[in-house]
Structure formats: C-alpha cells, structure tokens
file model20.cif (mmCIF, C-alpha atoms)
data_protein
#
loop_
_atom_site.label_atom_id
_atom_site.label_comp_id
_atom_site.auth_asym_id
_atom_site.auth_seq_id
_atom_site.Cartn_x
_atom_site.Cartn_y
_atom_site.Cartn_z
CA MET A 1408 18.63 -111.56 -8.13
CA SER A 1409 16.28 -109.25 -9.87
CA ILE A 1410 16.52 -105.97 -11.64
CA LYS A 1411 14.36 -103.24 -10.21
CA SER A 1412 11.30 -103.25 -12.41
CA GLY A 1413 10.40 -100.17 -14.31
CA THR A 1414 11.04 -98.67 -17.70
CA GLY A 1415 14.36 -100.48 -18.16
CA THR A 1416 13.00 -104.00 -17.71
CA ARG A 1417 10.21 -103.25 -20.15
CA TRP A 1418 12.79 -103.20 -22.96
CA GLY A 1419 13.41 -106.91 -22.39
CA TYR A 1420 9.71 -107.54 -22.78
CA VAL A 1421 9.64 -105.36 -25.91
CA VAL A 1422 12.43 -107.55 -27.34
CA ALA A 1423 10.47 -110.69 -26.44
CA VAL A 1424 7.30 -109.45 -28.16
CA TRP A 1425 9.29 -108.19 -31.15
CA GLY A 1426 10.97 -111.59 -31.53
CA VAL A 1427 7.69 -113.53 -31.38
CA LEU A 1428 5.98 -111.19 -33.86
CA PHE A 1429 8.99 -111.44 -36.18
CA ALA A 1430 8.97 -115.25 -36.00
CA VAL A 1431 5.36 -115.56 -37.17
CA PRO A 1432 5.99 -114.80 -40.89
CA SER A 1433 8.92 -117.24 -40.99
CA PHE A 1434 6.74 -120.06 -39.65
CA LEU A 1435 3.78 -119.13 -41.86
CA TRP A 1436 5.95 -119.09 -44.96
CA ALA A 1437 7.65 -122.36 -43.94
CA MET A 1438 4.21 -124.00 -43.63
CA GLY A 1439 3.25 -122.99 -47.17
CA SER A 1440 1.50 -119.64 -46.78
CA THR A 1441 2.86 -116.67 -48.66
CA PHE A 1442 0.63 -114.23 -46.76
CA GLY A 1443 2.38 -110.86 -46.74
CA ALA A 1444 5.33 -112.17 -48.73
CA ARG A 1445 4.20 -111.50 -52.29
CA SER A 1446 4.51 -107.73 -52.07
CA THR A 1447 7.08 -107.31 -49.28
CA VAL A 1448 9.77 -109.91 -50.03
CA ALA A 1449 12.01 -110.51 -53.05
CA PRO A 1450 10.13 -112.54 -55.72
CA GLU A 1451 12.82 -115.21 -55.89
CA LEU A 1452 12.37 -115.89 -52.17
CA VAL A 1453 8.60 -116.13 -52.59
CA ARG A 1454 9.14 -118.64 -55.42
CA LEU A 1455 11.41 -120.75 -53.21
CA ALA A 1456 8.71 -120.85 -50.53
CA GLN A 1457 5.91 -121.59 -53.04
CA ASP A 1458 7.95 -124.34 -54.71
CA ARG A 1459 8.58 -125.82 -51.24
CA VAL A 1460 12.36 -126.03 -51.85
CA PRO A 1461 13.62 -128.14 -48.90
CA TRP A 1462 16.76 -126.15 -48.09
CA PHE A 1463 14.79 -122.88 -48.15
CA LEU A 1464 12.07 -124.31 -45.92
CA ALA A 1465 14.81 -125.35 -43.50
CA VAL A 1466 16.16 -121.78 -43.58
CA LEU A 1467 12.68 -120.43 -42.79
CA TRP A 1468 12.26 -122.83 -39.84
CA VAL A 1469 15.74 -122.03 -38.50
CA THR A 1470 15.24 -118.27 -38.82
CA GLY A 1471 11.89 -118.58 -37.06
CA LEU A 1472 13.55 -120.49 -34.23
CA LEU A 1473 16.37 -117.91 -34.04
CA LYS A 1474 13.78 -115.15 -33.73
CA LEU A 1475 12.15 -117.07 -30.87
CA LEU A 1476 15.61 -117.42 -29.31
CA GLY A 1477 15.90 -113.64 -29.55
CA ALA A 1478 12.56 -113.38 -27.73
CA ALA A 1479 13.91 -115.67 -24.99
CA ILE A 1480 17.06 -113.53 -24.70
CA GLY A 1481 14.89 -110.43 -24.35
CA PHE A 1482 12.87 -112.12 -21.62
CA GLY A 1483 16.11 -113.20 -19.94
CA LEU A 1484 17.33 -109.60 -19.91
CA THR A 1485 14.45 -108.63 -17.60
CA ARG A 1486 16.05 -110.30 -14.57
CA LEU A 1487 19.66 -110.58 -13.43
CA ARG A 1488 21.24 -114.00 -13.91
CA GLY A 1489 24.50 -115.05 -12.38
CA GLY A 1490 27.69 -116.32 -13.99
CA THR A 1491 27.63 -117.76 -17.47
CA ALA A 1492 23.92 -117.14 -18.04
CA GLY A 1493 24.22 -113.40 -17.40
CA ARG A 1494 27.35 -113.08 -19.51
CA SER A 1495 25.71 -115.04 -22.34
CA LEU A 1496 22.66 -112.78 -22.26
CA VAL A 1497 24.70 -109.60 -22.60
CA PHE A 1498 26.96 -111.18 -25.24
CA CYS A 1499 23.91 -112.16 -27.31
CA GLY A 1500 22.04 -108.93 -26.57
CA GLY A 1501 24.97 -106.76 -27.65
CA GLY A 1502 25.53 -108.86 -30.75
CA ALA A 1503 21.86 -108.89 -31.72
CA ALA A 1504 21.65 -105.11 -31.33
CA VAL A 1505 24.52 -104.55 -33.76
CA LEU A 1506 23.40 -107.18 -36.29
CA LEU A 1507 19.84 -105.91 -36.42
CA ILE A 1508 20.72 -102.23 -36.62
CA TRP A 1509 23.34 -102.92 -39.31
CA HIS A 1510 21.00 -105.10 -41.38
CA GLY A 1511 18.11 -102.65 -41.11
CA GLY A 1512 20.43 -99.76 -41.84
CA LEU A 1513 21.55 -101.41 -45.08
CA PHE A 1514 17.91 -101.73 -46.17
CA VAL A 1515 17.21 -98.10 -45.33
CA VAL A 1516 20.34 -96.73 -46.99
CA HIS A 1517 19.73 -98.79 -50.13
CA GLY A 1518 16.11 -97.65 -50.22
CA ILE A 1519 17.10 -94.00 -49.85
CA LEU A 1520 19.66 -94.36 -52.63
CA VAL A 1521 17.02 -95.86 -54.94
CA GLU A 1522 14.36 -93.30 -53.99
CA THR A 1523 16.73 -90.39 -54.65
CA GLY A 1524 17.94 -91.83 -57.95
CA ALA A 1525 21.52 -92.38 -56.73
CA ALA A 1526 21.08 -96.14 -57.31
CA THR A 1527 18.82 -98.06 -59.65
CA VAL A 1528 16.91 -101.31 -59.46
CA ASP A 1529 14.83 -103.22 -61.96
CA PRO A 1530 11.58 -101.24 -62.31
CA ASP A 1531 9.63 -104.34 -61.26
CA LEU A 1532 11.45 -104.22 -57.91
CA ALA A 1533 10.94 -100.51 -57.17
CA GLY A 1534 7.84 -101.17 -55.06
CA LEU A 1535 9.68 -103.91 -53.21
CA THR A 1536 12.51 -101.49 -52.44
CA ARG A 1537 9.99 -99.24 -50.74
CA TRP A 1538 8.85 -102.14 -48.51
CA TYR A 1539 12.46 -102.68 -47.45
CA LEU A 1540 12.92 -98.93 -46.89
CA TYR A 1541 9.70 -98.31 -44.97
CA LEU A 1542 8.92 -101.67 -43.33
CA TRP A 1543 11.75 -104.17 -43.10
CA GLY A 1544 14.62 -101.73 -42.50
CA PRO A 1545 12.85 -99.86 -39.70
CA TRP A 1546 11.59 -103.16 -38.24
CA PHE A 1547 15.14 -104.51 -37.98
CA ILE A 1548 16.41 -101.21 -36.57
CA ALA A 1549 13.59 -101.09 -34.00
CA GLY A 1550 14.48 -104.61 -32.85
CA GLY A 1551 18.16 -103.70 -32.64
CA LEU A 1552 17.42 -100.58 -30.62
CA ALA A 1553 15.19 -102.60 -28.28
CA PHE A 1554 18.01 -105.14 -27.79
CA ALA A 1555 20.45 -102.29 -27.16
CA ALA A 1556 18.15 -100.69 -24.57
CA ALA A 1557 17.44 -104.00 -22.80
CA THR A 1558 21.14 -104.91 -22.74
CA ALA A 1559 22.18 -101.44 -21.56
CA HIS A 1560 19.66 -101.55 -18.72
CA TYR A 1561 20.84 -105.02 -17.74
CA LEU A 1562 24.47 -103.88 -17.83
CA ARG A 1563 23.82 -101.08 -15.35
CA HIS A 1564 23.51 -103.79 -12.71
CA LEU A 1565 26.65 -105.78 -13.63
CA ARG A 1566 30.29 -105.49 -12.85
CA PRO A 1567 32.64 -104.32 -15.65
CA VAL A 1568 33.31 -107.95 -16.68
CA GLY A 1569 29.71 -108.18 -17.92
CA ARG A 1570 30.22 -105.06 -20.00
CA ARG A 1571 33.18 -106.68 -21.72
CA PHE A 1572 30.96 -109.59 -22.78
CA ALA A 1573 28.40 -107.20 -24.28
CA GLY A 1574 31.18 -105.32 -26.06
CA THR A 1575 32.67 -108.55 -27.35
CA GLY A 1576 29.29 -109.65 -28.69
CA ALA A 1577 28.73 -106.28 -30.35
CA LEU A 1578 32.22 -106.19 -31.86
CA GLY A 1579 31.91 -109.77 -33.12
CA ALA A 1580 28.57 -108.96 -34.71
CA LEU A 1581 29.99 -105.85 -36.34
CA LEU A 1582 32.93 -107.79 -37.80
CA LEU A 1583 30.60 -110.54 -39.02
CA SER A 1584 28.33 -107.92 -40.62
CA LEU A 1585 31.21 -106.15 -42.31
CA ALA A 1586 32.58 -109.46 -43.64
CA ALA A 1587 29.15 -110.50 -44.93
CA THR A 1588 28.66 -107.14 -46.63
CA ALA A 1589 32.15 -107.15 -48.15
CA THR A 1590 31.64 -110.65 -49.57
CA GLY A 1591 28.14 -109.88 -50.84
CA ILE A 1592 26.44 -112.36 -48.52
CA GLY A 1593 24.46 -109.90 -46.41
#

call {"tool": "encode", "arguments": {"input": "model20.cif", "output": "structure tokens"}}
result
Amino acid sequence: MSIKSGTGTRWGYVVAVWGVLFAVPSFLWAMGSTFGARSTVAPELVRLAQDRVPWFLAVLWVTGLLKLLGAAIGFGLTRLRGGTAGRSLVFCGGGAAVLLIWHGGLFVVHGILVETGAATVDPDLAGLTRWYLYLWGPWFIAGGLAFAAATAHYLRHLRPVGRRFAGTGALGALLLSLAATATGIG
C-alpha cells in the first residue's frame, strides 16, 4: 500500500530530516564536544557534558537515539503500513506532535514572560532564556507541527480505528506532559 505522493507525504520526510538534524547535537555533546551548547543550553547541563558525567552521557545518547526513532517514524508515515505497524506509527506520531508542541510552547511562554518582565530569571541566564524563546521553543514546535501534519495526512487514508490510535497517543502525551509539568519534571 502506498499513500499518493505529494505535499502530504513530504511532511513525513520533513519529520525525518528534522529528527536527524535534532539528533546531531545530542551525539556531538555525548562525544565530548560542547559546540553550540555553551550559549544555547543551561550552564549546568553544559558542565555535566564537559565533566563527562556517565548518567548524563547516557541521557544524551538515549535522547539522540529517540530523535533518530522520531526520524524513522516520520519516514514510516510516508507510506501506508498495515495492522500493528500502521497503528503504531499514528500512535507515536500523534504523541510526538503533542509532546513537542507542549514542550516548545513552555519554552516560548516562559521566554515571553521573562522578556515582558512578568517573570524573572537570574541575570546571567537572561541571554539563555532568549535562546529558548527564539531557537529551542520554535524548533520543538516546528517538529511537533511537522509530526501533526504527517500523521494527519497518513490518517486520511485509514479507517476510523487508526484515528483512535492517533488520538490515544496524543491524549497520552498530553497527560504525560501535564503530569511532568505539575511535578516540576518537564
């Protein structure tokens, strides 16, 4: 089975490219480089990478692999798959869309609050807040929107049962995000 190629299938490829590009910094930082991290990432995270803290290096490798998994999901959303594979793709695509948009949205909202004076941060972190507002937040949101577009296009070719899997993934991601935010984890 294949999805008619065109604008819709391109979103899956956009997700794949986004995921690979997003994985690169994680792998670079896990291998000891702090290229791009010093000014765009929280100083305590840069220190963990520089000090080669084993658990943090493991986190960097795992997040890099998860980003590559996201790329594979995006690629998978370019062509219809039957049964469990198709349902898994829409479950993961719907969940990824919500997680990424939520996470990026938190960065943007926090940045706007700091920029308008409604919230404060340590003056040393003000420049970092701008990176999260103008780079990381929009980057996460762009990835989430690409996942949403790729999943929506894929869903147009599925029966309603596939839509339930996408909705379940999105709802699960939303609940996970809300719980992480409420507990101060994310």

call {"tool": "closest_residue", "arguments": {"input": "model20.cif", "among": "A:Gly1512, A:Pro1432, A:Gly1518, A:Gly1574", "to": "Ala1444 in chain A", "atoms": "only C-alpha atoms"}}
result
A:Pro1432

call {"tool": "residues_around", "arguments": {"input": "model20.cif", "residues": "Thr1536 in chain A", "least_positions_apart": "2", "cutoff": "12 Å", "atoms": "only C-alpha atoms", "output": "number ranges by chain"}}
result
A: 1446-1450, 1513-1522, 1526-1534, 1538-1544

call {"tool": "atom_distance", "arguments": {"input": "model20.cif", "atom1": "CA of Leu1507 in chain A", "atom2": "CA of Gly1550 in chain A"}}
result
6.6 Å

call {"tool": "resolve_selection", "arguments": {"input": "model20.cif", "expression": "the PyMOL selection byres ((chain A and resi 1458-1469) around 8)", "output": "list of chain:residue names"}}
result
A:Ser1433, A:Phe1434, A:Trp1436, A:Ala1437, A:Gly1439, A:Arg1454, A:Leu1455, A:Ala1456, A:Gln1457, A:Thr1470, A:Gly1471, A:Leu1472, A:Leu1473

call {"tool": "closest_residue", "arguments": {"input": "model20.cif", "among": "A:Cys1499, A:Leu1535, A:Ala1430, A:Val1422", "to": "Thr1485 in chain A", "atoms": "all atoms listed in the file"}}
result
A:Val1422

call {"tool": "atom_distance", "arguments": {"input": "model20.cif", "atom1": "CA of Ala1504 in chain A", "atom2": "CA of Gly1419 in chain A"}}
result
12.3 Å

call {"tool": "resolve_selection", "arguments": {"input": "model20.cif", "expression": "the PyMOL selection byres ((chain A and resi 1498) around 7)", "output": "PyMOL selection string"}}
result
chain A and resi 1494-1497+1499-1502+1572-1573+1575-1576

call {"tool": "resolve_selection", "arguments": {"input": "model20.cif", "expression": "the PyMOL selection byres ((chain A and resi 1555) around 9)", "output": "PDB file with C-alpha atoms, keeping the file's coordinate frame"}}
result
ATOM      1  CA  TRP A1418      12.790-103.200 -22.960  1.00  0.00           C
ATOM      2  CA  GLY A1500      22.040-108.930 -26.570  1.00  0.00           C
ATOM      3  CA  GLY A1501      24.970-106.760 -27.650  1.00  0.00           C
ATOM      4  CA  ALA A1503      21.860-108.890 -31.720  1.00  0.00           C
ATOM      5  CA  ALA A1504      21.650-105.110 -31.330  1.00  0.00           C
ATOM      6  CA  VAL A1505      24.520-104.550 -33.760  1.00  0.00           C
ATOM      7  CA  GLY A1550      14.480-104.610 -32.850  1.00  0.00           C
ATOM      8  CA  GLY A1551      18.160-103.700 -32.640  1.00  0.00           C
ATOM      9  CA  LEU A1552      17.420-100.580 -30.620  1.00  0.00           C
ATOM     10  CA  ALA A1553      15.190-102.600 -28.280  1.00  0.00           C
ATOM     11  CA  PHE A1554      18.010-105.140 -27.790  1.00  0.00           C
ATOM     12  CA  ALA A1556      18.150-100.690 -24.570  1.00  0.00           C
ATOM     13  CA  ALA A1557      17.440-104.000 -22.800  1.00  0.00           C
ATOM     14  CA  THR A1558      21.140-104.910 -22.740  1.00  0.00           C
ATOM     15  CA  ALA A1559      22.180-101.440 -21.560  1.00  0.00           C
ATOM     16  CA  HIS A1560      19.660-101.550 -18.720  1.00  0.00           C
TER      17      HIS A1560
END

call {"tool": "atom_distance", "arguments": {"input": "model20.cif", "atom1": "CA of Tyr1420 in chain A", "atom2": "CA of Leu1484 in chain A"}}
result
8.4 Å

call {"tool": "closest_residue", "arguments": {"input": "model20.cif", "among": "A:Ala1423, A:Ala1479, A:Ile1548, A:Leu1428", "to": "Leu1506 in chain A", "atoms": "all atoms listed in the file"}}
result
A:Ile1548

call {"tool": "closest_residue", "arguments": {"input": "model20.cif", "among": "A:Arg1537, A:Ala1589, A:Leu1581, A:Leu1562", "to": "Arg1488 in chain A", "atoms": "only C-alpha atoms"}}
result
A:Leu1562

call {"tool": "closest_residue", "arguments": {"input": "model20.cif", "among": "A:His1510, A:Arg1417, A:His1564, A:Arg1445", "to": "Leu1585 in chain A", "atoms": "only C-alpha atoms"}}
result
A:His1510

call {"tool": "decode", "arguments": {"input": "model20.cif", "residues": "range 1441-1588 of chain A", "atoms": "C-alpha atoms", "output": "short mmCIF file (atom, residue, chain, number, x, y, z; two decimals), in the first residue's frame"}}
result
data_model
loop_
_atom_site.label_atom_id
_atom_site.label_comp_id
_atom_site.auth_asym_id
_atom_site.auth_seq_id
_atom_site.Cartn_x
_atom_site.Cartn_y
_atom_site.Cartn_z
CA THR A 1441 30.12 21.37 23.53
CA PHE A 1442 29.77 23.06 20.13
CA GLY A 1443 26.65 25.22 20.24
CA ALA A 1444 25.88 24.25 23.82
CA ARG A 1445 27.73 26.95 25.74
CA SER A 1446 25.41 29.77 24.75
CA THR A 1447 22.18 27.90 23.97
CA VAL A 1448 21.82 25.35 26.79
CA ALA A 1449 21.61 25.71 30.58
CA PRO A 1450 25.13 26.02 32.08
CA GLU A 1451 24.59 23.12 34.48
CA LEU A 1452 23.86 20.83 31.53
CA VAL A 1453 27.00 22.02 29.74
CA ARG A 1454 29.01 21.27 32.90
CA LEU A 1455 27.57 17.75 33.06
CA ALA A 1456 28.65 17.15 29.46
CA GLN A 1457 32.11 18.70 29.98
CA ASP A 1458 32.68 16.70 33.17
CA ARG A 1459 31.66 13.55 31.25
CA VAL A 1460 29.16 12.52 33.96
CA PRO A 1461 28.20 8.93 32.97
CA TRP A 1462 24.46 9.14 33.63
CA PHE A 1463 24.23 12.42 31.67
CA LEU A 1464 26.19 10.99 28.76
CA ALA A 1465 23.75 8.07 28.75
CA VAL A 1466 20.86 10.56 28.65
CA LEU A 1467 22.47 12.32 25.66
CA TRP A 1468 22.93 9.02 23.78
CA VAL A 1469 19.37 7.91 24.54
CA THR A 1470 17.87 11.25 23.51
CA GLY A 1471 19.89 11.14 20.30
CA LEU A 1472 18.57 7.66 19.57
CA LEU A 1473 14.99 8.76 20.37
CA LYS A 1474 15.36 11.62 17.91
CA LEU A 1475 16.51 9.13 15.27
CA LEU A 1476 13.50 6.99 16.15
CA GLY A 1477 11.36 10.06 15.51
CA ALA A 1478 13.04 10.37 12.11
CA ALA A 1479 12.20 6.73 11.38
CA ILE A 1480 8.57 7.32 12.41
CA GLY A 1481 8.42 10.30 10.06
CA PHE A 1482 9.80 8.19 7.23
CA GLY A 1483 7.29 5.46 8.10
CA LEU A 1484 4.44 7.96 7.82
CA THR A 1485 5.21 8.46 4.12
CA ARG A 1486 3.74 5.09 3.14
CA LEU A 1487 0.73 3.16 4.43
CA ARG A 1488 1.54 0.17 6.61
CA GLY A 1489 -0.95 -2.47 7.60
CA GLY A 1490 -2.06 -3.66 11.01
CA THR A 1491 0.08 -3.03 14.05
CA ALA A 1492 2.77 -1.09 12.18
CA GLY A 1493 0.30 1.50 10.88
CA ARG A 1494 -1.42 1.85 14.22
CA SER A 1495 1.94 2.22 15.98
CA LEU A 1496 3.01 4.94 13.56
CA VAL A 1497 -0.10 7.04 14.16
CA PHE A 1498 0.05 6.41 17.92
CA CYS A 1499 3.67 7.62 18.02
CA GLY A 1500 3.07 10.42 15.51
CA GLY A 1501 0.11 11.80 17.46
CA GLY A 1502 2.00 11.51 20.74
CA ALA A 1503 5.15 13.13 19.37
CA ALA A 1504 3.15 16.03 17.95
CA VAL A 1505 1.61 16.82 21.33
CA LEU A 1506 4.83 16.34 23.34
CA LEU A 1507 6.89 18.53 21.05
CA ILE A 1508 4.33 21.32 20.73
CA TRP A 1509 3.75 21.31 24.51
CA HIS A 1510 7.47 21.34 25.33
CA GLY A 1511 8.25 24.07 22.80
CA GLY A 1512 5.23 26.04 23.94
CA LEU A 1513 6.50 26.01 27.53
CA PHE A 1514 9.84 27.43 26.35
CA VAL A 1515 8.12 30.15 24.34
CA VAL A 1516 5.65 31.12 27.07
CA HIS A 1517 8.41 31.25 29.69
CA GLY A 1518 10.57 33.33 27.36
CA ILE A 1519 7.74 35.77 26.68
CA LEU A 1520 7.06 36.10 30.41
CA VAL A 1521 10.73 36.88 31.06
CA GLU A 1522 11.01 39.29 28.11
CA THR A 1523 7.93 41.23 29.21
CA GLY A 1524 9.04 41.36 32.85
CA ALA A 1525 6.17 39.19 34.12
CA ALA A 1526 8.72 36.60 35.31
CA THR A 1527 12.35 36.95 36.31
CA VAL A 1528 15.45 34.83 35.92
CA ASP A 1529 18.99 35.22 37.16
CA PRO A 1530 20.53 38.00 35.03
CA ASP A 1531 23.25 35.57 33.92
CA LEU A 1532 20.53 33.40 32.34
CA ALA A 1533 18.66 36.17 30.50
CA GLY A 1534 20.54 35.53 27.25
CA LEU A 1535 19.90 31.82 27.61
CA THR A 1536 16.19 32.49 28.02
CA ARG A 1537 16.24 34.22 24.64
CA TRP A 1538 17.79 31.11 23.03
CA TYR A 1539 14.94 29.02 24.44
CA LEU A 1540 12.39 31.61 23.28
CA TYR A 1541 13.75 32.13 19.77
CA LEU A 1542 15.51 28.84 18.95
CA TRP A 1543 14.62 25.83 21.07
CA GLY A 1544 10.92 26.59 21.61
CA PRO A 1545 10.19 27.23 17.94
CA TRP A 1546 12.35 24.23 16.96
CA PHE A 1547 10.28 21.90 19.17
CA ILE A 1548 7.03 23.46 17.94
CA ALA A 1549 8.10 23.11 14.29
CA GLY A 1550 8.87 19.43 14.85
CA GLY A 1551 5.54 18.91 16.57
CA LEU A 1552 3.66 20.62 13.76
CA ALA A 1553 5.52 18.50 11.19
CA PHE A 1554 4.56 15.34 13.12
CA ALA A 1555 0.96 16.55 13.29
CA ALA A 1556 0.85 17.23 9.54
CA ALA A 1557 2.48 13.90 8.64
CA THR A 1558 0.14 11.99 10.97
CA ALA A 1559 -2.95 13.85 9.74
CA HIS A 1560 -2.07 13.10 6.12
CA TYR A 1561 -1.49 9.46 6.97
CA LEU A 1562 -4.80 9.29 8.83
CA ARG A 1563 -6.75 10.48 5.80
CA HIS A 1564 -6.07 7.06 4.30
CA LEU A 1565 -7.03 4.95 7.34
CA ARG A 1566 -10.23 3.66 8.78
CA PRO A 1567 -11.55 5.29 11.99
CA VAL A 1568 -9.74 2.69 14.13
CA GLY A 1569 -6.43 4.25 13.06
CA ARG A 1570 -7.68 7.66 14.14
CA ARG A 1571 -8.38 6.31 17.61
CA PHE A 1572 -4.76 5.19 17.91
CA ALA A 1573 -3.52 8.67 16.96
CA GLY A 1574 -5.95 10.22 19.44
CA THR A 1575 -4.86 7.82 22.16
CA GLY A 1576 -1.20 8.66 21.53
CA ALA A 1577 -1.95 12.39 21.59
CA LEU A 1578 -4.05 12.14 24.75
CA GLY A 1579 -1.42 10.00 26.49
CA ALA A 1580 1.27 12.50 25.57
CA LEU A 1581 -0.84 15.39 26.83
CA LEU A 1582 -1.47 13.66 30.17
CA LEU A 1583 2.22 12.79 30.49
CA SER A 1584 3.16 16.41 29.72
CA LEU A 1585 0.68 17.79 32.22
CA ALA A 1586 1.92 15.39 34.92
CA ALA A 1587 5.56 16.27 34.21
CA THR A 1588 4.78 19.99 34.35
#
